[in-house]
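Text of final_10.cif, listed as mmCIF, C-alpha atoms:
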```
data_input
loop_
_atom_site.group_PDB
_atom_site.id
_atom_site.type_symbol
_atom_site.label_atom_id
_atom_site.label_comp_id
_atom_site.auth_asym_id
_atom_site.auth_seq_id
_atom_site.Cartn_x
_atom_site.Cartn_y
_atom_site.Cartn_z
ATOM 1 C CA MET A 598 37.111 -92.665 -37.900
ATOM 2 C CA PRO A 599 37.542 -91.040 -41.361
ATOM 3 C CA LEU A 600 40.925 -90.942 -43.019
ATOM 4 C CA ARG A 601 42.923 -87.748 -42.883
ATOM 5 C CA ILE A 602 44.363 -87.129 -46.340
ATOM 6 C CA LYS A 603 47.397 -85.134 -47.435
ATOM 7 C CA PRO A 604 47.105 -83.408 -50.821
ATOM 8 C CA ALA A 605 49.390 -84.675 -53.560
ATOM 9 C CA PRO A 606 52.077 -82.320 -54.864
ATOM 10 C CA SER A 607 50.908 -80.018 -57.656
ATOM 11 C CA PHE A 608 52.812 -78.966 -60.760
ATOM 12 C CA LYS A 609 54.742 -76.159 -59.060
ATOM 13 C CA ASP A 610 56.127 -78.738 -56.636
ATOM 14 C CA ALA A 611 57.204 -80.975 -59.513
ATOM 15 C CA LEU A 612 58.892 -78.009 -61.200
ATOM 16 C CA ALA A 613 60.693 -77.035 -58.006
ATOM 17 C CA ALA A 614 61.970 -80.580 -57.506
ATOM 18 C CA ALA A 615 63.098 -81.110 -61.106
ATOM 19 C CA ASP A 616 66.682 -80.918 -62.299
ATOM 20 C CA ARG A 617 65.661 -80.896 -65.972
ATOM 21 C CA PRO A 618 62.755 -79.650 -68.113
ATOM 22 C CA LEU A 619 59.538 -81.611 -67.587
ATOM 23 C CA ALA A 620 58.140 -83.278 -70.717
ATOM 24 C CA GLY A 621 54.431 -83.879 -71.170
ATOM 25 C CA MET A 622 51.643 -84.513 -73.638
ATOM 26 C CA TRP A 623 48.085 -83.428 -74.298
ATOM 27 C CA VAL A 624 45.171 -85.694 -73.402
ATOM 28 C CA CYS A 625 42.351 -84.580 -75.677
ATOM 29 C CA SER A 626 40.279 -87.714 -76.319
ATOM 30 C CA GLY A 627 38.014 -87.315 -73.304
ATOM 31 C CA SER A 628 38.659 -90.966 -72.452
ATOM 32 C CA PRO A 629 39.736 -92.028 -68.944
ATOM 33 C CA LEU A 630 41.151 -95.222 -70.454
ATOM 34 C CA VAL A 631 43.364 -93.293 -72.867
ATOM 35 C CA ALA A 632 44.375 -90.937 -70.060
ATOM 36 C CA GLU A 633 45.448 -93.900 -67.956
ATOM 37 C CA VAL A 634 47.432 -95.390 -70.836
ATOM 38 C CA CYS A 635 49.236 -92.082 -71.239
ATOM 39 C CA ALA A 636 49.800 -91.769 -67.488
ATOM 40 C CA GLY A 637 51.910 -94.912 -67.505
ATOM 41 C CA ALA A 638 54.061 -93.904 -70.469
ATOM 42 C CA GLY A 639 56.866 -92.406 -68.390
ATOM 43 C CA LEU A 640 56.245 -88.738 -69.147
ATOM 44 C CA ASP A 641 56.376 -86.122 -66.397
ATOM 45 C CA TRP A 642 52.973 -84.502 -66.894
ATOM 46 C CA LEU A 643 49.697 -84.672 -68.779
ATOM 47 C CA LEU A 644 47.538 -81.765 -69.893
ATOM 48 C CA ILE A 645 43.857 -82.725 -69.824
ATOM 49 C CA ASP A 646 42.297 -80.226 -72.203
ATOM 50 C CA ALA A 647 38.782 -78.807 -72.107
ATOM 51 C CA GLU A 648 39.295 -75.836 -74.415
ATOM 52 C CA HIS A 649 39.516 -77.745 -77.694
ATOM 53 C CA SER A 650 38.412 -81.221 -76.624
ATOM 54 C CA PRO A 651 35.104 -82.986 -75.825
ATOM 55 C CA ASN A 652 35.536 -82.737 -72.064
ATOM 56 C CA GLY A 653 32.955 -81.810 -69.457
ATOM 57 C CA LEU A 654 33.093 -81.927 -65.686
ATOM 58 C CA GLU A 655 32.275 -85.629 -65.492
ATOM 59 C CA SER A 656 34.917 -86.724 -68.004
ATOM 60 C CA ILE A 657 37.590 -84.530 -66.423
ATOM 61 C CA LEU A 658 36.798 -86.026 -63.030
ATOM 62 C CA ALA A 659 37.043 -89.546 -64.457
ATOM 63 C CA GLN A 660 40.414 -88.772 -66.048
ATOM 64 C CA LEU A 661 41.794 -87.280 -62.846
ATOM 65 C CA GLN A 662 40.741 -90.437 -61.041
ATOM 66 C CA ALA A 663 42.223 -92.640 -63.787
ATOM 67 C CA VAL A 664 45.680 -91.088 -63.637
ATOM 68 C CA ASN A 665 45.765 -90.766 -59.848
ATOM 69 C CA GLY A 666 48.447 -92.979 -58.395
ATOM 70 C CA TYR A 667 50.652 -92.933 -61.483
ATOM 71 C CA PRO A 668 53.972 -91.066 -61.270
ATOM 72 C CA VAL A 669 52.738 -88.209 -63.440
ATOM 73 C CA THR A 670 51.296 -84.768 -62.690
ATOM 74 C CA ALA A 671 47.902 -83.914 -64.153
ATOM 75 C CA VAL A 672 47.281 -80.362 -65.352
ATOM 76 C CA VAL A 673 43.819 -79.315 -66.553
ATOM 77 C CA ARG A 674 43.051 -76.543 -69.028
ATOM 78 C CA PRO A 675 39.590 -74.965 -68.649
ATOM 79 C CA PRO A 676 37.896 -73.603 -71.757
ATOM 80 C CA VAL A 677 37.865 -70.027 -70.479
ATOM 81 C CA ASN A 678 39.239 -67.711 -67.803
ATOM 82 C CA ASP A 679 36.023 -67.629 -65.788
ATOM 83 C CA ALA A 680 35.591 -67.638 -62.006
ATOM 84 C CA VAL A 681 32.682 -70.092 -62.057
ATOM 85 C CA VAL A 682 34.451 -72.554 -64.339
ATOM 86 C CA ILE A 683 37.700 -72.336 -62.373
ATOM 87 C CA LYS A 684 35.782 -72.932 -59.139
ATOM 88 C CA GLN A 685 34.190 -76.066 -60.581
ATOM 89 C CA TYR A 686 37.495 -77.453 -61.850
ATOM 90 C CA LEU A 687 39.191 -76.871 -58.517
ATOM 91 C CA ASP A 688 36.310 -78.492 -56.669
ATOM 92 C CA LEU A 689 36.729 -81.559 -58.912
ATOM 93 C CA GLY A 690 40.190 -81.931 -57.415
ATOM 94 C CA ALA A 691 42.238 -80.436 -60.243
ATOM 95 C CA GLN A 692 45.249 -79.031 -58.402
ATOM 96 C CA SER A 693 47.077 -77.624 -61.420
ATOM 97 C CA LEU A 694 45.296 -75.365 -63.907
ATOM 98 C CA LEU A 695 46.422 -73.781 -67.178
ATOM 99 C CA ILE A 696 44.225 -70.799 -67.995
ATOM 100 C CA PRO A 697 43.968 -69.971 -71.718
ATOM 101 C CA MET A 698 43.852 -66.635 -73.508
ATOM 102 C CA VAL A 699 45.365 -64.444 -70.799
ATOM 103 C CA HIS A 700 46.210 -61.214 -72.599
ATOM 104 C CA THR A 701 46.855 -58.719 -69.777
ATOM 105 C CA ALA A 702 47.967 -58.506 -66.167
ATOM 106 C CA ASP A 703 44.324 -57.859 -65.256
ATOM 107 C CA ASP A 704 43.348 -61.149 -66.904
ATOM 108 C CA ALA A 705 46.056 -62.905 -64.903
ATOM 109 C CA ALA A 706 44.936 -61.267 -61.662
ATOM 110 C CA ALA A 707 41.355 -62.345 -62.335
ATOM 111 C CA ALA A 708 42.508 -65.958 -62.688
ATOM 112 C CA VAL A 709 44.402 -65.738 -59.408
ATOM 113 C CA ALA A 710 41.342 -64.328 -57.638
ATOM 114 C CA ALA A 711 39.173 -67.127 -59.035
ATOM 115 C CA ALA A 712 41.533 -69.732 -57.581
ATOM 116 C CA ARG A 713 41.690 -68.269 -54.060
ATOM 117 C CA TYR A 714 39.195 -68.089 -51.249
ATOM 118 C CA PRO A 715 38.223 -64.739 -49.699
ATOM 119 C CA PRO A 716 39.658 -62.419 -48.541
ATOM 120 C CA HIS A 717 42.393 -63.053 -51.125
ATOM 121 C CA GLY A 718 40.045 -64.034 -53.951
ATOM 122 C CA VAL A 719 36.513 -64.909 -54.971
ATOM 123 C CA ARG A 720 36.458 -68.717 -55.043
ATOM 124 C CA GLY A 721 33.144 -70.019 -53.725
ATOM 125 C CA VAL A 722 33.301 -72.152 -50.591
ATOM 126 C CA GLY A 723 32.051 -75.699 -51.103
ATOM 127 C CA SER A 724 34.842 -77.847 -49.733
ATOM 128 C CA ALA A 725 32.521 -80.010 -47.658
ATOM 129 C CA LEU A 726 30.830 -81.072 -50.905
ATOM 130 C CA ALA A 727 33.900 -81.375 -53.092
ATOM 131 C CA ARG A 728 36.639 -83.807 -54.042
ATOM 132 C CA SER A 729 39.201 -80.977 -53.757
ATOM 133 C CA ALA A 730 39.061 -81.233 -49.958
ATOM 134 C CA ARG A 731 38.169 -84.923 -50.104
ATOM 135 C CA TRP A 732 34.882 -83.953 -48.518
ATOM 136 C CA ASN A 733 36.591 -82.256 -45.577
ATOM 137 C CA ARG A 734 39.063 -85.095 -45.049
ATOM 138 C CA ILE A 735 42.020 -82.813 -45.833
ATOM 139 C CA PRO A 736 42.691 -80.940 -42.583
ATOM 140 C CA ASP A 737 42.513 -77.137 -42.796
ATOM 141 C CA TYR A 738 41.850 -77.210 -46.540
ATOM 142 C CA LEU A 739 40.242 -73.765 -46.616
ATOM 143 C CA ALA A 740 43.301 -72.184 -45.014
ATOM 144 C CA THR A 741 45.887 -74.082 -47.044
ATOM 145 C CA ALA A 742 44.204 -74.597 -50.434
ATOM 146 C CA ALA A 743 46.300 -71.941 -52.213
ATOM 147 C CA GLU A 744 49.451 -73.827 -51.232
ATOM 148 C CA THR A 745 48.175 -76.996 -52.924
ATOM 149 C CA ILE A 746 47.191 -75.320 -56.220
ATOM 150 C CA THR A 747 49.370 -74.435 -59.205
ATOM 151 C CA LEU A 748 47.971 -71.662 -61.386
ATOM 152 C CA MET A 749 49.493 -71.150 -64.815
ATOM 153 C CA VAL A 750 48.406 -68.773 -67.548
ATOM 154 C CA GLN A 751 48.785 -69.021 -71.279
ATOM 155 C CA ILE A 752 50.461 -66.328 -73.395
ATOM 156 C CA GLU A 753 49.116 -66.803 -76.909
ATOM 157 C CA SER A 754 48.445 -63.438 -78.551
ATOM 158 C CA THR A 755 50.397 -60.407 -79.688
ATOM 159 C CA GLN A 756 48.746 -58.439 -76.874
ATOM 160 C CA ALA A 757 49.947 -61.014 -74.341
ATOM 161 C CA VAL A 758 53.475 -60.874 -75.756
ATOM 162 C CA GLU A 759 53.449 -57.091 -75.340
ATOM 163 C CA ASN A 760 52.228 -57.527 -71.755
ATOM 164 C CA ALA A 761 54.419 -60.533 -70.964
ATOM 165 C CA ALA A 762 56.497 -58.826 -68.276
ATOM 166 C CA ARG A 763 53.406 -57.615 -66.417
ATOM 167 C CA ILE A 764 51.660 -60.980 -66.746
ATOM 168 C CA VAL A 765 54.724 -62.826 -65.447
ATOM 169 C CA ALA A 766 55.003 -60.416 -62.509
ATOM 170 C CA THR A 767 51.392 -60.934 -61.392
ATOM 171 C CA ASP A 768 51.286 -62.150 -57.794
ATOM 172 C CA GLY A 769 49.874 -65.660 -57.572
ATOM 173 C CA ILE A 770 50.881 -66.793 -61.070
ATOM 174 C CA ASP A 771 53.077 -69.844 -60.595
ATOM 175 C CA ALA A 772 54.188 -70.304 -64.214
ATOM 176 C CA VAL A 773 53.447 -69.177 -67.755
ATOM 177 C CA PHE A 774 52.914 -71.276 -70.866
ATOM 178 C CA ILE A 775 53.327 -70.053 -74.431
ATOM 179 C CA GLY A 776 50.907 -71.217 -77.125
ATOM 180 C CA PRO A 777 52.476 -70.794 -80.592
ATOM 181 C CA SER A 778 49.346 -71.831 -82.531
ATOM 182 C CA ASP A 779 47.061 -69.006 -81.410
ATOM 183 C CA LEU A 780 50.047 -66.691 -81.276
ATOM 184 C CA ALA A 781 50.705 -67.379 -84.961
ATOM 185 C CA ALA A 782 47.061 -66.680 -85.766
ATOM 186 C CA SER A 783 47.130 -63.365 -83.910
ATOM 187 C CA MET A 784 50.273 -62.415 -85.831
ATOM 188 C CA GLY A 785 48.590 -63.001 -89.187
ATOM 189 C CA VAL A 786 50.413 -66.249 -90.006
ATOM 190 C CA LEU A 787 47.705 -68.781 -89.165
ATOM 191 C CA GLY A 788 48.998 -72.347 -89.011
ATOM 192 C CA GLN A 789 52.653 -71.284 -89.204
ATOM 193 C CA GLN A 790 53.978 -71.989 -85.729
ATOM 194 C CA GLU A 791 57.504 -72.255 -87.177
ATOM 195 C CA HIS A 792 57.346 -68.780 -88.759
ATOM 196 C CA PRO A 793 60.458 -66.794 -87.741
ATOM 197 C CA ASP A 794 58.345 -64.013 -86.220
ATOM 198 C CA VAL A 795 56.418 -66.518 -84.100
ATOM 199 C CA VAL A 796 59.596 -68.233 -82.944
ATOM 200 C CA ALA A 797 61.099 -64.850 -82.078
ATOM 201 C CA ALA A 798 58.017 -63.910 -80.043
ATOM 202 C CA VAL A 799 58.137 -67.227 -78.176
ATOM 203 C CA GLU A 800 61.833 -66.793 -77.407
ATOM 204 C CA HIS A 801 61.172 -63.229 -76.222
ATOM 205 C CA CYS A 802 58.586 -64.491 -73.737
ATOM 206 C CA ILE A 803 60.946 -67.211 -72.551
ATOM 207 C CA LYS A 804 63.598 -64.569 -71.841
ATOM 208 C CA VAL A 805 61.090 -62.366 -70.006
ATOM 209 C CA ALA A 806 59.976 -65.252 -67.788
ATOM 210 C CA LYS A 807 63.511 -66.435 -67.095
ATOM 211 C CA ALA A 808 64.577 -62.895 -66.173
ATOM 212 C CA ALA A 809 61.721 -62.749 -63.666
ATOM 213 C CA GLY A 810 62.569 -66.156 -62.226
ATOM 214 C CA LYS A 811 59.205 -67.571 -63.289
ATOM 215 C CA PRO A 812 58.897 -71.104 -64.733
ATOM 216 C CA VAL A 813 57.972 -71.042 -68.410
ATOM 217 C CA GLY A 814 56.691 -73.711 -70.769
ATOM 218 C CA VAL A 815 55.752 -74.068 -74.412
ATOM 219 C CA ASN A 816 53.946 -76.321 -76.849
ATOM 220 C CA ALA A 817 56.172 -77.791 -79.590
ATOM 221 C CA PHE A 818 55.299 -80.954 -81.490
ATOM 222 C CA ALA A 819 58.150 -80.674 -84.028
ATOM 223 C CA GLN A 820 61.293 -82.166 -82.501
ATOM 224 C CA GLU A 821 63.625 -79.534 -83.928
ATOM 225 C CA THR A 822 61.461 -76.744 -82.521
ATOM 226 C CA ALA A 823 61.099 -78.500 -79.187
ATOM 227 C CA HIS A 824 64.866 -78.791 -78.833
ATOM 228 C CA ARG A 825 65.278 -75.150 -79.816
ATOM 229 C CA TYR A 826 62.965 -74.050 -77.013
ATOM 230 C CA LEU A 827 64.581 -76.469 -74.569
ATOM 231 C CA ASP A 828 67.943 -74.927 -75.442
ATOM 232 C CA ALA A 829 66.350 -71.504 -74.856
ATOM 233 C CA GLY A 830 65.645 -72.545 -71.270
ATOM 234 C CA VAL A 831 62.014 -73.635 -70.982
ATOM 235 C CA ASP A 832 61.206 -75.467 -67.775
ATOM 236 C CA PHE A 833 58.413 -77.619 -69.178
ATOM 237 C CA ILE A 834 57.147 -78.588 -72.602
ATOM 238 C CA LEU A 835 54.340 -80.434 -74.380
ATOM 239 C CA VAL A 836 55.592 -82.611 -77.223
ATOM 240 C CA GLY A 837 52.577 -84.617 -78.408
ATOM 241 C CA ALA A 838 48.904 -85.434 -78.034
ATOM 242 C CA ASP A 839 46.935 -88.638 -77.639
ATOM 243 C CA VAL A 840 44.646 -87.938 -80.597
ATOM 244 C CA ALA A 841 47.539 -86.888 -82.831
ATOM 245 C CA LEU A 842 49.482 -90.039 -81.999
ATOM 246 C CA LEU A 843 46.426 -92.163 -82.783
ATOM 247 C CA ALA A 844 45.763 -90.313 -86.026
ATOM 248 C CA ARG A 845 49.329 -90.572 -87.305
ATOM 249 C CA GLY A 846 49.769 -94.139 -86.064
ATOM 250 C CA SER A 847 46.577 -95.389 -87.719
ATOM 251 C CA GLU A 848 47.539 -93.573 -90.939
ATOM 252 C CA ALA A 849 50.921 -95.320 -90.878
ATOM 253 C CA LEU A 850 49.171 -98.683 -90.617
ATOM 254 C CA ALA A 851 46.937 -97.845 -93.553
ATOM 255 C CA ASN A 852 49.890 -96.623 -95.625
ATOM 256 C CA THR A 853 51.714 -99.872 -94.894
ATOM 257 C CA TYR A 854 48.910 -102.362 -95.530
ATOM 258 C CA VAL A 855 46.312 -100.677 -97.759
ATOM 259 C CA PRO A 856 47.246 -99.923 -101.386
ATOM 260 C CA ALA A 857 46.667 -96.267 -102.213
ATOM 261 C CA SER A 858 44.301 -97.239 -105.032
ATOM 262 C CA ASP A 859 42.027 -99.055 -102.558
ATOM 263 C CA ALA A 860 41.895 -96.340 -99.916
ATOM 264 C CA GLY A 861 38.512 -94.980 -101.018
ATOM 265 C CA PRO A 862 37.255 -91.408 -101.125
ATOM 266 C CA THR A 863 38.017 -88.809 -98.509
ATOM 267 C CA THR A 864 35.048 -88.223 -96.198
ATOM 268 C CA SER A 865 34.403 -85.350 -93.805
ATOM 269 C CA TYR A 866 32.376 -85.891 -90.645
#
```
Would you write out, as structure tokens, the structure that this file holds?
Amino acid sequence: MPLRIKPAPSFKDALAAADRPLAGMWVCSGSPLVAEVCAGAGLDWLLIDAEHSPNGLESILAQLQAVNGYPVTAVVRPPVNDAVVIKQYLDLGAQSLLIPMVHTADDAAAAVAAARYPPHGVRGVGSALARSARWNRIPDYLATAAETITLMVQIESTQAVENAARIVATDGIDAVFIGPSDLAASMGVLGQQEHPDVVAAVEHCIKVAKAAGKPVGVNAFAQETAHRYLDAGVDFILVGADVALLARGSEALANTYVPASDAGPTTSY
């Protein structure tokens, strides 16, 4: 007799159960081994990224499997707000999605529709073939799938900031996440996430989300900025990345043990 499986809690469940902001990190290497190392670090959540990282369906699946069983919640970011891509990620068993570049309430509604089965959405039905339903070993998956999924959208443009209240109010959006890097670019201050105008826009969106009772998160690698946004009331935050930690850590080793005169020329790949 096949096992009957209960879905694990998704990110909205972790947020609801938390009595403090949830701290996480990016996993951008595409490596299941690195993802597993990060999963055991003691953080609350991991964001497996496919927008700016070398991740395809197979590597995302492997990373979800690698972190399964650790006391950490996996969130996956698709490369685009697209119904086909969202369907594939959900079928892989990703229960928590962060959708990038959501600029309007219509964009948010489209993401919600992509994550829900008809008549409430447009998600294609393939649960018998998919890890999401554990190949039909999760009872009543088709009827209960929406309850097991967390759908978050990313506010990261001046247009999205202007539409923040309408995005936050979109039915089916479980949380919003603010991306200061692309927001800075859209504001004409590329690479200046700490620019006062960017910080003000982020804090505005935090206030809008908090007023609506919607969980809100942000990306902040600088400790001072992270603490500023935590003090502003964010419910979850990303404070580092696997590739950044490796880059800075390996540079520190080189700075310690390799004389600057012996470092060799700079090479671009």
Could you give me, as a ChimeraX atom specification, the residues within 12 Å of range 753-756 of chain A, counting all atoms listed in the file and dropping anything in the same chain fewer than 2 positions from it? /A:696-702,704,750-751,758-764,773-787,790,794-795,797-799,801-802,814-816
Residues of the last selection are to be written out with C-alpha atoms, as an mmCIF file, keeping the file's coordinate frame.
```cif
data_model
loop_
_atom_site.group_PDB
_atom_site.id
_atom_site.type_symbol
_atom_site.label_atom_id
_atom_site.label_comp_id
_atom_site.auth_asym_id
_atom_site.auth_seq_id
_atom_site.Cartn_x
_atom_site.Cartn_y
_atom_site.Cartn_z
ATOM 1 C CA ILE A 696 44.225 -70.799 -67.995
ATOM 2 C CA PRO A 697 43.968 -69.971 -71.718
ATOM 3 C CA MET A 698 43.852 -66.635 -73.508
ATOM 4 C CA VAL A 699 45.365 -64.444 -70.799
ATOM 5 C CA HIS A 700 46.210 -61.214 -72.599
ATOM 6 C CA THR A 701 46.855 -58.719 -69.777
ATOM 7 C CA ALA A 702 47.967 -58.506 -66.167
ATOM 8 C CA ASP A 704 43.348 -61.149 -66.904
ATOM 9 C CA VAL A 750 48.406 -68.773 -67.548
ATOM 10 C CA GLN A 751 48.785 -69.021 -71.279
ATOM 11 C CA VAL A 758 53.475 -60.874 -75.756
ATOM 12 C CA GLU A 759 53.449 -57.091 -75.340
ATOM 13 C CA ASN A 760 52.228 -57.527 -71.755
ATOM 14 C CA ALA A 761 54.419 -60.533 -70.964
ATOM 15 C CA ALA A 762 56.497 -58.826 -68.276
ATOM 16 C CA ARG A 763 53.406 -57.615 -66.417
ATOM 17 C CA ILE A 764 51.660 -60.980 -66.746
ATOM 18 C CA VAL A 773 53.447 -69.177 -67.755
ATOM 19 C CA PHE A 774 52.914 -71.276 -70.866
ATOM 20 C CA ILE A 775 53.327 -70.053 -74.431
ATOM 21 C CA GLY A 776 50.907 -71.217 -77.125
ATOM 22 C CA PRO A 777 52.476 -70.794 -80.592
ATOM 23 C CA SER A 778 49.346 -71.831 -82.531
ATOM 24 C CA ASP A 779 47.061 -69.006 -81.410
ATOM 25 C CA LEU A 780 50.047 -66.691 -81.276
ATOM 26 C CA ALA A 781 50.705 -67.379 -84.961
ATOM 27 C CA ALA A 782 47.061 -66.680 -85.766
ATOM 28 C CA SER A 783 47.130 -63.365 -83.910
ATOM 29 C CA MET A 784 50.273 -62.415 -85.831
ATOM 30 C CA GLY A 785 48.590 -63.001 -89.187
ATOM 31 C CA VAL A 786 50.413 -66.249 -90.006
ATOM 32 C CA LEU A 787 47.705 -68.781 -89.165
ATOM 33 C CA GLN A 790 53.978 -71.989 -85.729
ATOM 34 C CA ASP A 794 58.345 -64.013 -86.220
ATOM 35 C CA VAL A 795 56.418 -66.518 -84.100
ATOM 36 C CA ALA A 797 61.099 -64.850 -82.078
ATOM 37 C CA ALA A 798 58.017 -63.910 -80.043
ATOM 38 C CA VAL A 799 58.137 -67.227 -78.176
ATOM 39 C CA HIS A 801 61.172 -63.229 -76.222
ATOM 40 C CA CYS A 802 58.586 -64.491 -73.737
ATOM 41 C CA GLY A 814 56.691 -73.711 -70.769
ATOM 42 C CA VAL A 815 55.752 -74.068 -74.412
ATOM 43 C CA ASN A 816 53.946 -76.321 -76.849
#
```
Of A:Pro599, A:Pro736, A:Gly846, A:Gly621, the one nearest to Ile645 in chain A when counting all atoms listed in the file is A:Gly621
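Counting from CA of Glu800 in chain A, the distance to CA of Thr767 in chain A is 20.0 Å.
Of the residues under consideration (A:Asp768, A:Asp737, A:Asp646, A:Glu791), A:Glu791 shows the shortest atom-to-atom contact distance to Glu821 in chain A when counting all atoms listed in the file.
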Near-range 606-613 of chain A list (12 Å; only C-alpha atoms; drop same-chain fewer than 2 positions) as JSON, numbers by chain: {"A": [603, 604, 615, 616, 617, 618, 619, 620, 621, 641, 642, 643, 644, 665, 666, 668, 669, 670, 671, 672, 673, 690, 691, 692, 693, 694, 695, 742, 743, 744, 745, 746, 747, 748, 749, 769, 770, 771, 772, 773, 810, 811, 812, 813, 814, 831, 832, 833, 834]}
Distance of CA of Arg720 in chain A from CA of Ala706 in chain A, expressed in Å to one decimal place: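 We find that CA of Ala706 in chain A and CA of Arg720 in chain A lie 13.1 Å from each other.
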Would you mind reading off the distance between CA of Arg674 in chain A and CA of Glu648 in chain A, one decimal, in Å? 6.6 Å
Starting from the displayed file, determine the output of the PyMOL selection byres ((chain A and resi 739) around 12) and express the residue list as a PyMOL selection string. chain A and resi 688+712-717+720-725+727+729-738+740-746
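Neighbours of Ala829 in chain A closer than or equal to 8 Å, with all atoms listed in the file counted and sequence neighbours fewer than 3 positions away skipped, come out as Glu800, Ile803, Arg825 and Tyr826 of chain A.
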Which residues are close to Thr822 in chain A, i.e. within 9 Å by only C-alpha atoms, leaving aside same-chain residues fewer than 5 positions away? Reply as a list in words. Glu791, Val796, Ala817 and Leu827 of chain A
Expand the PyMOL selection byres ((chain A and resi 660) around 10) into the explicit residue set it covers here, and present it as a ChimeraX atom specification. /A:624,627-633,636,645,652,655-659,661-665,671
Would you save the residues from that selection as a PDB file, keeping the file's coordinate frame, using C-alpha atoms?
```pdb
ATOM      1  CA  VAL A 624      45.171 -85.694 -73.402  1.00  0.00           C
ATOM      2  CA  GLY A 627      38.014 -87.315 -73.304  1.00  0.00           C
ATOM      3  CA  SER A 628      38.659 -90.966 -72.452  1.00  0.00           C
ATOM      4  CA  PRO A 629      39.736 -92.028 -68.944  1.00  0.00           C
ATOM      5  CA  LEU A 630      41.151 -95.222 -70.454  1.00  0.00           C
ATOM      6  CA  VAL A 631      43.364 -93.293 -72.867  1.00  0.00           C
ATOM      7  CA  ALA A 632      44.375 -90.937 -70.060  1.00  0.00           C
ATOM      8  CA  GLU A 633      45.448 -93.900 -67.956  1.00  0.00           C
ATOM      9  CA  ALA A 636      49.800 -91.769 -67.488  1.00  0.00           C
ATOM     10  CA  ILE A 645      43.857 -82.725 -69.824  1.00  0.00           C
ATOM     11  CA  ASN A 652      35.536 -82.737 -72.064  1.00  0.00           C
ATOM     12  CA  GLU A 655      32.275 -85.629 -65.492  1.00  0.00           C
ATOM     13  CA  SER A 656      34.917 -86.724 -68.004  1.00  0.00           C
ATOM     14  CA  ILE A 657      37.590 -84.530 -66.423  1.00  0.00           C
ATOM     15  CA  LEU A 658      36.798 -86.026 -63.030  1.00  0.00           C
ATOM     16  CA  ALA A 659      37.043 -89.546 -64.457  1.00  0.00           C
ATOM     17  CA  LEU A 661      41.794 -87.280 -62.846  1.00  0.00           C
ATOM     18  CA  GLN A 662      40.741 -90.437 -61.041  1.00  0.00           C
ATOM     19  CA  ALA A 663      42.223 -92.640 -63.787  1.00  0.00           C
ATOM     20  CA  VAL A 664      45.680 -91.088 -63.637  1.00  0.00           C
ATOM     21  CA  ASN A 665      45.765 -90.766 -59.848  1.00  0.00           C
ATOM     22  CA  ALA A 671      47.902 -83.914 -64.153  1.00  0.00           C
TER      23      ALA A 671
END
```
Which of these, A:Ala711, A:Val719, A:Leu654, A:Gly837, has the shortest distance to Leu689 in chain A once you count only C-alpha atoms? A:Leu654
Give me the box for range 838-844 of chain A as JSON, namely the centre and edge lengths in Å to one decimal of a box along x, y and z that holds every listed atom plus 6 Å on each side.
```
{"center_x": 47.1, "center_y": -88.8, "center_z": -81.8, "size_x": 16.8, "size_y": 18.7, "size_z": 20.4}
```
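The closest residue to Lys684 in chain A, picked from A:Pro651, A:Gly718, A:Ser626, A:Asp839 and counting only C-alpha atoms, is A:Gly718.
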